[in-house]
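Visitor: What follows is a structure written as structure tokens; I'll ask about it next.
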Number of protein chains: 2
Amino acid sequence: MRDPKYNVTAFIIPSEDAHQSEYVAECDERRGFISGFTGSAGLAVVSMDTAALFTDGRYFLQASQQLDSNWTLMKSGLPDIPTWQDYLVKNLPPGSRIGIDPLVFTATDAVKLESELAKVGSSLVPVPNLVDMVWDHQQPHLHNPRPRRPARPLMTLTTATTGRTHLDKIQQLRKDLELHGVTGCVVSGLDEIAWLFNMRGSDVHCNPVFFAYTIVTQDRVSLYLQEEAISEEVRVHLGPTVDIKAYETIFDDLRAQSGQLHAKKEKWLLGSRTNLAMAVALGKGNTVEVRSPVIDSKAIKNETELHGIRQCHLRDAAAVINYFAWLEDQLLNKKAILDEADGAQRLQEFRTEQKGYVGLSFDTISSTGPSGAIIHYKPEKPTASQIHADQVYLCDSGGQYRDGTTDITRTVHFTTPSQYQKRCFTRVLQGHIAIDSIIFPEGTTGYLLDILSRQALWSDGLDFRHGTGHGVGAFLNVHEGPQGCGARPAYNEIPLKPGMTLTNEPGYYEDGEFGIRIENVLLVRPVETRHRFGGKQYLGFEHVTFVPIQTRMMDRELLSKKEIEWINRYHAECLEKVTSFLEEGSLGLKWLQREAQPI
Amino acid sequence: MRDPKYNVTAFIIPSEDAHQSEYVAECDERRGFISGFTGSAGLAVVSMDTAALFTDGRYFLQASQQLDSNWTLMKSGLPDIPTWQDYLVKNLPPGSRIGIDPLVFTATDAVKLESELAKVGSSLVPVPNLVDMVWDHQQPHLHNPRPRRPARPLMTLTTATTGRTHLDKIQQLRKDLELHGVTGCVVSGLDEIAWLFNMRGSDVHCNPVFFAYTIVTQDRVSLYLQEEAISEEVRVHLGPTVDIKAYETIFDDLRAQSGQLHAKKEKWLLGSRTNLAMAVALGKGNTVEVRSPVIDSKAIKNETELHGIRQCHLRDAAAVINYFAWLEDQLLNKKAILDEADGAQRLQEFRTEQKGYVGLSFDTISSTGPSGAIIHYKPEKPTASQIHADQVYLCDSGGQYRDGTTDITRTVHFTTPSQYQKRCFTRVLQGHIAIDSIIFPEGTTGYLLDILSRQALWSDGLDFRHGTGHGVGAFLNVHEGPQGCGARPAYNEIPLKPGMTLTNEPGYYEDGEFGIRIENVLLVRPVETRHRFGGKQYLGFEHVTFVPIQTRMMDRELLSKKEIEWINRYHAECLEKVTSFLEEGSLGLKWLQREAQPI
């Protein structure tokens, strides 16, 4: 912001990197660097005299604690709080020149925003990233210097895990390109590239991806990798038909392509998450911007992937059960003093013992009492709270395994929960059961199902400020689209299809008191119904998470007969499926046997 | 179509009149005249060699029976069936000149359609109504001649019924115009005008409206009426501040206004249902096209209107109860031979006995067995079927009363329903109860609630092809917006608000066999919840329809404890509220007492 040569009056700092990643490498944490707010979602707008940080309900508490007095917290979704787009239009002076870094903005978003800004005479101005300028020249004694972009070794996967070769996936992509009437495409989503080439990396914390771009045409495939990451194993895996090129050179190749496309009147597909800089390099009029077909293909898990997902969830359940058994024993019997970070650490150790474990799928949310109300809480020494046996304890965690990705939340009380806590927990559980049990015709979207997880809470005037669920990758990102269950209009564009994954995670959060969330991973599966009106296939969910839901937290009076049957059936499944993954006589097995008792 | 001078290759015939009415006067039934299909919803496209009729799931059966071999029935909403807009773009030759009558098309629709057509080089061409040309010159021996536009006497309402004077409503409208930044507006919806001026008419069958337009500015109100309809009572009611003008002269006044608006850089609001001819008359750039603020004001019933709605529903319930009791007695005891039209006729007589009765709110759907699967069936002599005591009988009917409008459906079996019929009925009932019982935070739309009425049906692979519910006028049209509960995206723009009305009418239809529907009218009301998360007000429904739902049709095994409690509570309410409206010792009272027994 110190450099007046760009003549901008404001600069937008989104959370995303050049690949529109939700979770980014440290070197790309520009919004965190400039604002101090470290949540996964948020956007900052810095002007000459204001600094505004927009984030959603999951992060209101965390952001209000992390932002200093320079910042105004904009609680997105609350009445009277403008979207950040509206803020740019209405709160900045008309005629503003608003700077953006075209690497971290999509062309789609930029076009939409420009037309809104034009109404008040304001405009978007592509400039080098002003935050990087500050960060790269930061005095080391003031802040950590900006880290280098990671380029860690790559892992190759066989079809025993993926179910399909990368060449087969590329062939499908080529057919999709034909359907779109384009002759090539640029794929820049890191998880899309990892899926397409059956490779994994570890450049981004908890996300098994690596920095790359790819261009696929009907006769060529170019994969742009950081040179330090390329190994002989990678060359052999990719085979002779994939050109391996240097990561940064894609922009030159796109610029070189621009004239040819124009001359031949051909177009390339740019996924709607591809950055503005790529769209500019390829040239106006040469691109079709739609959701990348790779995203849609990746979302439908094949039978090999589904098998892996089911298997890793059983081992993951054993780890989580061992952890809850250990934690209860420590608190009640050993009278140990443990904080939330100690808990997260111990849970990670239990996961590490499991076959195929690669790492966490996200930072463990280990939260006691009030911490639980911070929806994406991350306990860190020395500020983590001591886990109290007489508080509600919420633990949301997941692992990356070579055969799948897990994401599970359980909420427990180690002694005697209050009647109010039990009521809230039971309302959340009723929402969870309603989602788990629904049968719906093909064509139904997660947007439409969302109400089912809230209905019981609403009857008490309660609600929660996040979606009901998100897709989960197969040994990939824990948040994966395009499907989801929640109020985002985009979710209403995506019918749920067999082979898709979805988390089921309603919650309730009482600021300063406690948090409750119950989360399983679901698979969308065809179901047999008595009838098939209009010839439609009906679909339902198969849950793959098998850790008991604490019956002590339930208010039996609120539960229907069907709900009680669901709970008892679920616990019988936990017992049947996870027992063999626990050691004979272990604390974990005893805990499972006790917790899975029918009510 | 015979006149080549307009040089169009196709002509679009929508159902609506110049006021975008859903139900139209006979002289405006152009689509019915040209196609023979008499359902309330549908659109015809006639080109030189094709004739296509688009209608929705309610009318598939009826249309297939009424259309002759000249016509192709396009079943809107089924996979692979284009919308009529897509059909114009894709099925007509590129470069087509497509004729429309600007009086029966909205400006909003025309603009949207033009931009789609432009992609294939086709265009919309405003022409005089080609159907009218055919109809007006029809040989009398071939068809009925086109009737004259009705101009029946007007009825004025006092604030004892409406709760507000028309001057008060006009003041509110003026404030709304200020908020929209416009200096005037044109209102052309017949029910909007009837509501705004506290007047009613009978120009359109079953809809207590009259042909009129109105212009409201900050200092003038002009009401354009057909001269035959104007009486001294109307002049006195309207008072000196309302200019009464001749119906047809509004177009001249709009054209005269055009230049002034342009000169003063002012705009007028045109409701998005106003016709294209008015937008053209007022001049491009001089209008703001949004949903008319009158529609939004009218949708929120005041306490006087709510009182009237509750009251008229009790009298209406008495009429319906008397009818069902009479019908059962006729079929079972008197062994009478009655057809569906006889039933509808007798029901109308029972309604006529009720205080304040004005007429039907729509043609009675009295349907036995297979007729019940024709969702908007209208029995007519001599084709009406005999009502069989051993078939499912569905009756959907409603009345116009001076204090409100009713709409109720009950489905009964006079002897022994099959197990399958009971199961279907019970699934529909479970959907009805789920909608009736839901509590939801302010801001929730009917779009989001729709799934609740289908969930139980879906569990058996069943569904129905219409929305769950629509708004109902207060002594006005039985279908009233903007709110509604169903899959129409527009319903997701309208949060339900206290004072709104909504029908709750899930169904199930088995072609060639039977139809089931259970319909009550609901009022949106604030409810007290234990908590109010985020400070939001929670809302729920109050049902105002009180006719027993046949317990003989219920499969008790499928019902939850809560659902059984709902049924028993509802029947206790019917007994408590309607008994005093039935004669001591009457068949009706005995029927009510028997049917309201707890299960």
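Chain lettering (A, B, ...) mirrors the order of the structure tokens, residue numbering begins at 1 for each chain separately, and ligand numbering begins at 1 in order of display.
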Show which residues sit within 9 Å of range 193-204 of chain B, as a compact mmCIF listing (two decimals) with all heavy atoms, in the first residue's frame. Count only C-alpha atoms, and ignore same-chain residues fewer than 3 positions away.
Guide:
```
# COMPACT_ATOMS: atom_id res chain seq x y z
N TYR B 23 -56.83 -16.84 -14.14
CA TYR B 23 -58.13 -17.24 -14.67
C TYR B 23 -58.67 -16.04 -15.45
O TYR B 23 -58.55 -14.90 -14.99
CB TYR B 23 -59.08 -17.61 -13.53
CG TYR B 23 -58.61 -18.85 -12.80
CD1 TYR B 23 -57.77 -18.74 -11.70
CD2 TYR B 23 -58.97 -20.12 -13.25
CE1 TYR B 23 -57.30 -19.88 -11.05
CE2 TYR B 23 -58.51 -21.26 -12.61
CZ TYR B 23 -57.67 -21.13 -11.51
OH TYR B 23 -57.21 -22.25 -10.89
N VAL B 24 -59.22 -16.30 -16.62
CA VAL B 24 -59.58 -15.19 -17.50
C VAL B 24 -61.06 -15.27 -17.85
O VAL B 24 -61.70 -16.32 -17.72
CB VAL B 24 -58.73 -15.21 -18.79
CG1 VAL B 24 -57.25 -15.04 -18.46
CG2 VAL B 24 -58.96 -16.48 -19.60
N ALA B 25 -61.58 -14.13 -18.33
CA ALA B 25 -62.96 -14.11 -18.82
C ALA B 25 -63.03 -14.91 -20.11
O ALA B 25 -62.02 -15.10 -20.80
CB ALA B 25 -63.38 -12.66 -19.06
N GLU B 26 -64.25 -15.36 -20.48
CA GLU B 26 -64.41 -16.19 -21.68
C GLU B 26 -63.85 -15.53 -22.92
O GLU B 26 -63.25 -16.19 -23.78
CB GLU B 26 -65.91 -16.47 -21.91
CG GLU B 26 -66.37 -17.81 -21.40
CD GLU B 26 -67.80 -18.06 -21.83
OE1 GLU B 26 -68.00 -18.49 -22.97
OE2 GLU B 26 -68.72 -17.79 -21.00
N ARG B 149 -66.63 -8.58 -23.76
CA ARG B 149 -65.96 -8.41 -22.47
C ARG B 149 -66.99 -8.04 -21.41
O ARG B 149 -67.74 -7.07 -21.60
CB ARG B 149 -64.88 -7.33 -22.58
CG ARG B 149 -64.06 -7.12 -21.30
CD ARG B 149 -62.78 -6.33 -21.58
NE ARG B 149 -61.99 -6.95 -22.65
CZ ARG B 149 -61.22 -8.02 -22.47
NH1 ARG B 149 -61.09 -8.57 -21.28
NH2 ARG B 149 -60.57 -8.53 -23.49
N PRO B 150 -67.09 -8.79 -20.31
CA PRO B 150 -68.10 -8.48 -19.29
C PRO B 150 -67.78 -7.17 -18.56
O PRO B 150 -66.62 -6.79 -18.45
CB PRO B 150 -68.04 -9.67 -18.33
CG PRO B 150 -66.71 -10.30 -18.56
CD PRO B 150 -66.31 -9.98 -19.97
N ALA B 151 -68.82 -6.53 -18.07
CA ALA B 151 -68.65 -5.29 -17.29
C ALA B 151 -69.76 -5.28 -16.25
O ALA B 151 -70.68 -4.48 -16.31
CB ALA B 151 -68.73 -4.08 -18.22
N ARG B 152 -69.67 -6.22 -15.33
CA ARG B 152 -70.76 -6.42 -14.37
C ARG B 152 -70.70 -5.39 -13.25
O ARG B 152 -69.66 -4.75 -13.03
CB ARG B 152 -70.70 -7.85 -13.82
CG ARG B 152 -70.79 -8.89 -14.94
CD ARG B 152 -71.38 -10.22 -14.50
NE ARG B 152 -71.40 -11.12 -15.67
CZ ARG B 152 -70.38 -11.89 -16.05
NH1 ARG B 152 -69.27 -11.93 -15.34
NH2 ARG B 152 -70.48 -12.65 -17.11
N PRO B 153 -71.78 -5.23 -12.49
CA PRO B 153 -71.81 -4.21 -11.42
C PRO B 153 -70.72 -4.45 -10.37
O PRO B 153 -70.35 -5.59 -10.10
CB PRO B 153 -73.20 -4.41 -10.80
CG PRO B 153 -74.00 -5.12 -11.82
CD PRO B 153 -73.05 -5.94 -12.62
N LEU B 154 -70.23 -3.37 -9.80
CA LEU B 154 -69.17 -3.45 -8.79
C LEU B 154 -69.74 -3.45 -7.39
O LEU B 154 -70.81 -2.88 -7.13
CB LEU B 154 -68.21 -2.28 -8.97
CG LEU B 154 -67.59 -2.16 -10.36
CD1 LEU B 154 -66.63 -0.97 -10.42
CD2 LEU B 154 -66.87 -3.45 -10.73
N MET B 155 -69.01 -4.08 -6.48
CA MET B 155 -69.40 -4.17 -5.08
C MET B 155 -68.37 -3.36 -4.28
O MET B 155 -67.18 -3.45 -4.57
CB MET B 155 -69.33 -5.65 -4.69
CG MET B 155 -69.73 -6.01 -3.28
SD MET B 155 -69.28 -7.78 -2.95
CE MET B 155 -70.27 -8.64 -4.15
N THR B 156 -68.83 -2.55 -3.32
CA THR B 156 -67.86 -1.80 -2.49
C THR B 156 -67.80 -2.42 -1.11
O THR B 156 -68.81 -2.91 -0.60
CB THR B 156 -68.28 -0.33 -2.38
OG1 THR B 156 -69.59 -0.27 -1.80
CG2 THR B 156 -68.30 0.34 -3.75
N LEU B 157 -66.61 -2.42 -0.51
CA LEU B 157 -66.43 -3.04 0.81
C LEU B 157 -66.10 -1.96 1.83
O LEU B 157 -65.39 -1.00 1.53
CB LEU B 157 -65.29 -4.06 0.77
CG LEU B 157 -65.40 -5.20 -0.23
CD1 LEU B 157 -64.19 -6.11 -0.12
CD2 LEU B 157 -66.68 -6.00 -0.02
N THR B 158 -66.59 -2.15 3.05
CA THR B 158 -66.28 -1.19 4.11
C THR B 158 -65.08 -1.69 4.91
O THR B 158 -64.64 -2.83 4.77
CB THR B 158 -67.46 -1.06 5.09
OG1 THR B 158 -67.60 -2.32 5.78
CG2 THR B 158 -68.75 -0.75 4.35
N THR B 159 -64.57 -0.83 5.76
CA THR B 159 -63.41 -1.22 6.56
C THR B 159 -63.76 -2.30 7.58
O THR B 159 -62.85 -2.93 8.12
CB THR B 159 -62.81 -0.01 7.30
OG1 THR B 159 -63.85 0.62 8.04
CG2 THR B 159 -62.19 0.97 6.33
N THR B 162 -62.43 -4.97 5.35
CA THR B 162 -61.08 -4.86 4.80
C THR B 162 -60.05 -4.41 5.83
O THR B 162 -58.86 -4.58 5.63
CB THR B 162 -61.05 -3.82 3.66
OG1 THR B 162 -61.40 -2.54 4.22
CG2 THR B 162 -62.05 -4.17 2.57
N ARG B 164 -58.96 -1.58 6.37
CA ARG B 164 -58.24 -0.35 5.99
C ARG B 164 -59.00 0.34 4.87
O ARG B 164 -59.55 -0.31 3.99
CB ARG B 164 -56.85 -0.65 5.45
CG ARG B 164 -55.90 -1.20 6.45
CD ARG B 164 -54.63 -1.68 5.74
NE ARG B 164 -53.84 -0.56 5.25
CZ ARG B 164 -52.75 -0.72 4.48
NH1 ARG B 164 -52.38 -1.93 4.11
NH2 ARG B 164 -52.06 0.32 4.09
N THR B 165 -58.99 1.66 4.85
CA THR B 165 -59.61 2.39 3.74
C THR B 165 -58.72 2.32 2.50
O THR B 165 -57.51 2.08 2.60
CB THR B 165 -59.79 3.88 4.08
OG1 THR B 165 -58.48 4.45 4.25
CG2 THR B 165 -60.60 4.07 5.36
N HIS B 166 -59.32 2.55 1.34
CA HIS B 166 -58.49 2.56 0.13
C HIS B 166 -57.53 3.73 0.13
O HIS B 166 -56.44 3.65 -0.41
CB HIS B 166 -59.37 2.54 -1.14
CG HIS B 166 -60.25 3.73 -1.33
ND1 HIS B 166 -61.41 3.94 -0.59
CD2 HIS B 166 -60.16 4.80 -2.17
CE1 HIS B 166 -61.97 5.07 -0.98
NE2 HIS B 166 -61.24 5.60 -1.95
N LEU B 167 -57.91 4.84 0.79
CA LEU B 167 -57.00 5.99 0.83
C LEU B 167 -55.75 5.65 1.65
O LEU B 167 -54.64 6.06 1.30
CB LEU B 167 -57.74 7.21 1.39
CG LEU B 167 -58.92 7.66 0.52
CD1 LEU B 167 -59.68 8.82 1.18
CD2 LEU B 167 -58.46 8.06 -0.90
N LYS B 169 -54.47 2.64 1.94
CA LYS B 169 -53.65 1.75 1.11
C LYS B 169 -52.88 2.54 0.04
O LYS B 169 -51.72 2.25 -0.26
CB LYS B 169 -54.54 0.69 0.44
CG LYS B 169 -55.15 -0.30 1.42
CD LYS B 169 -56.11 -1.28 0.73
CE LYS B 169 -56.67 -2.29 1.72
NZ LYS B 169 -57.64 -3.22 1.08
N ILE B 170 -53.54 3.57 -0.51
CA ILE B 170 -52.88 4.39 -1.53
C ILE B 170 -51.72 5.18 -0.91
O ILE B 170 -50.66 5.33 -1.52
CB ILE B 170 -53.92 5.32 -2.21
CG1 ILE B 170 -54.81 4.46 -3.12
CG2 ILE B 170 -53.24 6.42 -3.02
CD1 ILE B 170 -56.10 5.13 -3.55
N VAL B 187 -50.75 0.00 -12.09
CA VAL B 187 -51.13 -1.27 -11.52
C VAL B 187 -52.16 -1.89 -12.47
O VAL B 187 -53.16 -1.25 -12.80
CB VAL B 187 -51.73 -1.11 -10.11
CG1 VAL B 187 -52.18 -2.47 -9.55
CG2 VAL B 187 -50.72 -0.46 -9.17
N SER B 188 -51.89 -3.10 -12.91
CA SER B 188 -52.81 -3.71 -13.87
C SER B 188 -53.34 -5.07 -13.42
O SER B 188 -54.22 -5.62 -14.07
CB SER B 188 -52.14 -3.83 -15.24
OG SER B 188 -50.97 -4.58 -15.13
N GLY B 189 -52.82 -5.62 -12.34
CA GLY B 189 -53.34 -6.88 -11.83
C GLY B 189 -54.75 -6.65 -11.29
O GLY B 189 -54.98 -5.75 -10.48
N LEU B 190 -55.72 -7.44 -11.76
CA LEU B 190 -57.12 -7.17 -11.38
C LEU B 190 -57.32 -7.34 -9.88
O LEU B 190 -58.08 -6.58 -9.26
CB LEU B 190 -58.06 -8.09 -12.16
CG LEU B 190 -58.02 -7.92 -13.68
CD1 LEU B 190 -59.10 -8.78 -14.34
CD2 LEU B 190 -58.17 -6.45 -14.09
N ASN B 207 -63.48 -15.42 -9.72
CA ASN B 207 -62.53 -14.43 -9.19
C ASN B 207 -63.28 -13.12 -9.02
O ASN B 207 -63.75 -12.55 -10.01
CB ASN B 207 -61.36 -14.22 -10.16
CG ASN B 207 -60.43 -15.40 -10.24
OD1 ASN B 207 -59.22 -15.28 -10.14
ND2 ASN B 207 -60.99 -16.59 -10.44
N PRO B 208 -63.41 -12.61 -7.81
CA PRO B 208 -64.27 -11.43 -7.58
C PRO B 208 -63.59 -10.13 -8.01
O PRO B 208 -63.42 -9.23 -7.19
CB PRO B 208 -64.55 -11.48 -6.08
CG PRO B 208 -63.35 -12.16 -5.51
CD PRO B 208 -62.84 -13.12 -6.56
N VAL B 209 -63.22 -10.07 -9.27
CA VAL B 209 -62.48 -8.92 -9.77
C VAL B 209 -63.24 -8.28 -10.94
O VAL B 209 -64.24 -8.83 -11.41
CB VAL B 209 -61.06 -9.32 -10.22
CG1 VAL B 209 -60.26 -9.83 -9.04
CG2 VAL B 209 -61.13 -10.39 -11.33
N PHE B 210 -62.76 -7.14 -11.37
CA PHE B 210 -63.41 -6.40 -12.47
C PHE B 210 -62.30 -5.83 -13.35
O PHE B 210 -61.19 -5.58 -12.89
CB PHE B 210 -64.28 -5.29 -11.88
CG PHE B 210 -63.57 -4.43 -10.87
CD1 PHE B 210 -62.94 -3.25 -11.25
CD2 PHE B 210 -63.52 -4.80 -9.52
CE1 PHE B 210 -62.27 -2.47 -10.32
CE2 PHE B 210 -62.85 -4.02 -8.57
CZ PHE B 210 -62.23 -2.85 -8.97
N PHE B 211 -62.63 -5.62 -14.62
CA PHE B 211 -61.62 -5.09 -15.55
C PHE B 211 -61.32 -3.65 -15.21
O PHE B 211 -62.22 -2.81 -15.12
CB PHE B 211 -62.09 -5.23 -16.99
CG PHE B 211 -61.98 -6.65 -17.46
CD1 PHE B 211 -63.10 -7.48 -17.52
CD2 PHE B 211 -60.74 -7.20 -17.75
CE1 PHE B 211 -63.00 -8.80 -17.90
CE2 PHE B 211 -60.63 -8.53 -18.13
CZ PHE B 211 -61.76 -9.34 -18.21
N ALA B 212 -60.04 -3.38 -15.00
CA ALA B 212 -59.62 -2.03 -14.61
C ALA B 212 -58.11 -1.91 -14.73
O ALA B 212 -57.39 -2.91 -14.77
CB ALA B 212 -60.05 -1.75 -13.17
N TYR B 213 -57.65 -0.69 -14.82
CA TYR B 213 -56.23 -0.35 -14.65
C TYR B 213 -56.20 0.82 -13.68
O TYR B 213 -57.19 1.51 -13.49
CB TYR B 213 -55.61 0.14 -15.96
CG TYR B 213 -55.54 -0.87 -17.07
CD1 TYR B 213 -56.39 -0.77 -18.18
CD2 TYR B 213 -54.59 -1.89 -17.06
CE1 TYR B 213 -56.31 -1.68 -19.23
CE2 TYR B 213 -54.52 -2.80 -18.11
CZ TYR B 213 -55.37 -2.70 -19.18
OH TYR B 213 -55.30 -3.59 -20.21
N THR B 214 -55.05 1.05 -13.08
CA THR B 214 -54.94 2.27 -12.28
C THR B 214 -53.55 2.87 -12.40
O THR B 214 -52.57 2.17 -12.61
CB THR B 214 -55.31 2.02 -10.80
OG1 THR B 214 -55.38 3.27 -10.12
CG2 THR B 214 -54.29 1.17 -10.10
N LEU B 223 -58.40 5.74 -11.86
CA LEU B 223 -58.90 4.38 -11.95
C LEU B 223 -59.66 4.25 -13.27
O LEU B 223 -60.62 4.99 -13.51
CB LEU B 223 -59.82 4.09 -10.75
CG LEU B 223 -60.49 2.72 -10.72
CD1 LEU B 223 -59.46 1.58 -10.73
CD2 LEU B 223 -61.37 2.60 -9.47
N VAL B 234 -70.27 3.51 -6.53
CA VAL B 234 -68.82 3.45 -6.76
C VAL B 234 -68.21 4.84 -6.62
O VAL B 234 -67.18 5.04 -5.97
CB VAL B 234 -68.54 2.84 -8.14
CG1 VAL B 234 -67.09 3.06 -8.55
CG2 VAL B 234 -68.91 1.35 -8.15
N HIS B 237 -68.12 5.80 -2.98
CA HIS B 237 -67.11 5.00 -2.29
C HIS B 237 -65.70 5.51 -2.57
O HIS B 237 -64.88 5.66 -1.66
CB HIS B 237 -67.22 3.53 -2.72
CG HIS B 237 -66.09 2.66 -2.27
ND1 HIS B 237 -65.99 2.17 -0.98
CD2 HIS B 237 -65.00 2.20 -2.93
CE1 HIS B 237 -64.90 1.44 -0.87
NE2 HIS B 237 -64.27 1.43 -2.03
N LEU B 238 -65.42 5.81 -3.84
CA LEU B 238 -64.06 6.21 -4.21
C LEU B 238 -63.73 7.62 -3.74
O LEU B 238 -62.58 7.91 -3.42
CB LEU B 238 -63.87 6.11 -5.73
CG LEU B 238 -63.87 4.68 -6.27
CD1 LEU B 238 -63.89 4.68 -7.80
CD2 LEU B 238 -62.65 3.91 -5.76
N VAL B 294 -47.99 -3.47 -4.52
CA VAL B 294 -49.36 -3.79 -4.08
C VAL B 294 -49.47 -5.30 -3.80
O VAL B 294 -50.15 -5.72 -2.86
CB VAL B 294 -50.39 -3.36 -5.16
CG1 VAL B 294 -51.80 -3.76 -4.75
CG2 VAL B 294 -50.30 -1.86 -5.41
N LYS B 298 -50.74 -6.62 -0.20
CA LYS B 298 -51.96 -7.43 -0.19
C LYS B 298 -51.73 -8.79 0.45
O LYS B 298 -52.63 -9.37 1.05
CB LYS B 298 -52.43 -7.59 -1.65
CG LYS B 298 -53.62 -8.51 -1.87
CD LYS B 298 -54.23 -8.32 -3.26
CE LYS B 298 -53.24 -8.57 -4.39
NZ LYS B 298 -52.77 -9.96 -4.47
N ALA B 474 -58.05 -12.66 0.36
CA ALA B 474 -59.10 -12.40 1.35
C ALA B 474 -60.30 -11.87 0.56
O ALA B 474 -60.31 -10.69 0.19
CB ALA B 474 -58.63 -11.38 2.38
N PHE B 475 -61.29 -12.73 0.31
CA PHE B 475 -62.37 -12.44 -0.63
C PHE B 475 -61.74 -11.92 -1.92
O PHE B 475 -62.04 -10.85 -2.39
CB PHE B 475 -63.40 -11.49 -0.03
CG PHE B 475 -64.58 -11.20 -0.93
CD1 PHE B 475 -64.99 -12.10 -1.92
CD2 PHE B 475 -65.31 -10.02 -0.78
CE1 PHE B 475 -66.07 -11.82 -2.74
CE2 PHE B 475 -66.40 -9.74 -1.60
CZ PHE B 475 -66.77 -10.64 -2.59
N LEU B 476 -60.80 -12.72 -2.43
CA LEU B 476 -60.13 -12.39 -3.70
C LEU B 476 -59.72 -13.69 -4.38
O LEU B 476 -60.28 -14.74 -4.08
CB LEU B 476 -58.94 -11.46 -3.44
CG LEU B 476 -59.25 -9.98 -3.77
CD1 LEU B 476 -58.08 -9.09 -3.43
CD2 LEU B 476 -59.64 -9.80 -5.24
```
Visitor: Once you count only C-alpha atoms, what closest atom pair and distance in Å to one decimal does each residue of chain A within 6 Å of chain B have, with rows by chain and rising residue number, as a tab-separated table?
Guide:
```
residue	atom	partner	partner_atom	distance
A:Ile439	CA	B:Ser459	CA	5.4
A:Phe440	CA	B:Trp458	CA	5.7
A:Trp458	CA	B:Phe440	CA	5.6
A:Ser459	CA	B:Ile439	CA	5.4
A:Asp460	CA	B:Arg530	CA	5.2
A:Gly461	CA	B:His531	CA	4.7
A:Leu462	CA	B:Phe533	CA	5.0
A:Thr529	CA	B:Gly461	CA	5.1
A:Arg530	CA	B:Asp460	CA	5.2
A:His531	CA	B:Gly461	CA	4.7
A:Arg532	CA	B:Gly461	CA	4.8
A:Phe533	CA	B:Leu462	CA	5.0
```
Visitor: Got a sec to tell me which of range 246-468 of chain A DSSP assigns to strand (DSSP E or B), as a PyMOL selection string?
Guide: chain A and resi 246+268-271+275+287-290+339+357-360+365-368+386+392-397+399-401+404-405+408-413+440-441+445
Visitor: Take the residues from that selection and write them out as a compact mmCIF listing (two decimals), in the first residue's frame, keeping C-alpha atoms.
Guide:
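Output file selection_4.txt follows:
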```
# COMPACT_ATOMS: atom_id res chain seq x y z
CA ALA A 246 8.16 -26.18 -15.32
CA TRP A 268 -10.42 -23.60 -24.47
CA LEU A 269 -12.33 -24.41 -21.35
CA LEU A 270 -11.24 -22.60 -18.20
CA GLY A 271 -12.65 -24.03 -15.03
CA ASN A 275 -7.44 -17.43 -12.07
CA THR A 287 -12.21 -19.19 -23.39
CA VAL A 288 -15.36 -20.83 -22.10
CA GLU A 289 -15.65 -20.47 -18.34
CA VAL A 290 -17.67 -23.21 -16.66
CA ASP A 339 -5.36 -29.19 27.79
CA TYR A 357 -2.27 -43.31 7.77
CA VAL A 358 -0.64 -40.37 5.98
CA GLY A 359 -1.55 -37.35 8.09
CA LEU A 360 -4.39 -35.23 9.40
CA ILE A 365 -10.72 -29.16 16.74
CA SER A 366 -10.34 -30.31 20.34
CA SER A 367 -12.49 -27.97 22.39
CA THR A 368 -13.81 -27.85 25.91
CA GLN A 386 -7.69 -27.32 30.29
CA VAL A 392 -19.10 -30.39 27.13
CA TYR A 393 -16.17 -31.58 24.98
CA LEU A 394 -16.39 -31.31 21.18
CA CYS A 395 -13.81 -33.02 18.99
CA ASP A 396 -13.87 -32.61 15.19
CA SER A 397 -11.00 -34.38 13.46
CA GLY A 399 -7.22 -38.32 8.84
CA GLN A 400 -5.69 -38.79 5.43
CA TYR A 401 -5.21 -42.48 4.63
CA GLY A 404 -9.50 -42.37 1.88
CA THR A 405 -10.12 -39.24 3.91
CA ILE A 408 -15.82 -37.01 12.24
CA THR A 409 -17.19 -34.94 15.10
CA ARG A 410 -18.35 -36.29 18.44
CA THR A 411 -19.50 -34.27 21.41
CA VAL A 412 -19.36 -35.83 24.88
CA HIS A 413 -19.73 -34.98 28.52
CA PHE A 440 -35.14 -38.79 -2.15
CA PRO A 441 -35.63 -38.96 -5.92
CA THR A 445 -29.99 -31.23 -4.32
```
Visitor: Tell me which protein, DNA and RNA residues are within 7 Å of range 256-261 of chain B, counting only C-alpha atoms, leaving out same-chain ones fewer than 6 positions away, and put them as a PyMOL selection string.
Guide: chain B and resi 267+282-283+286
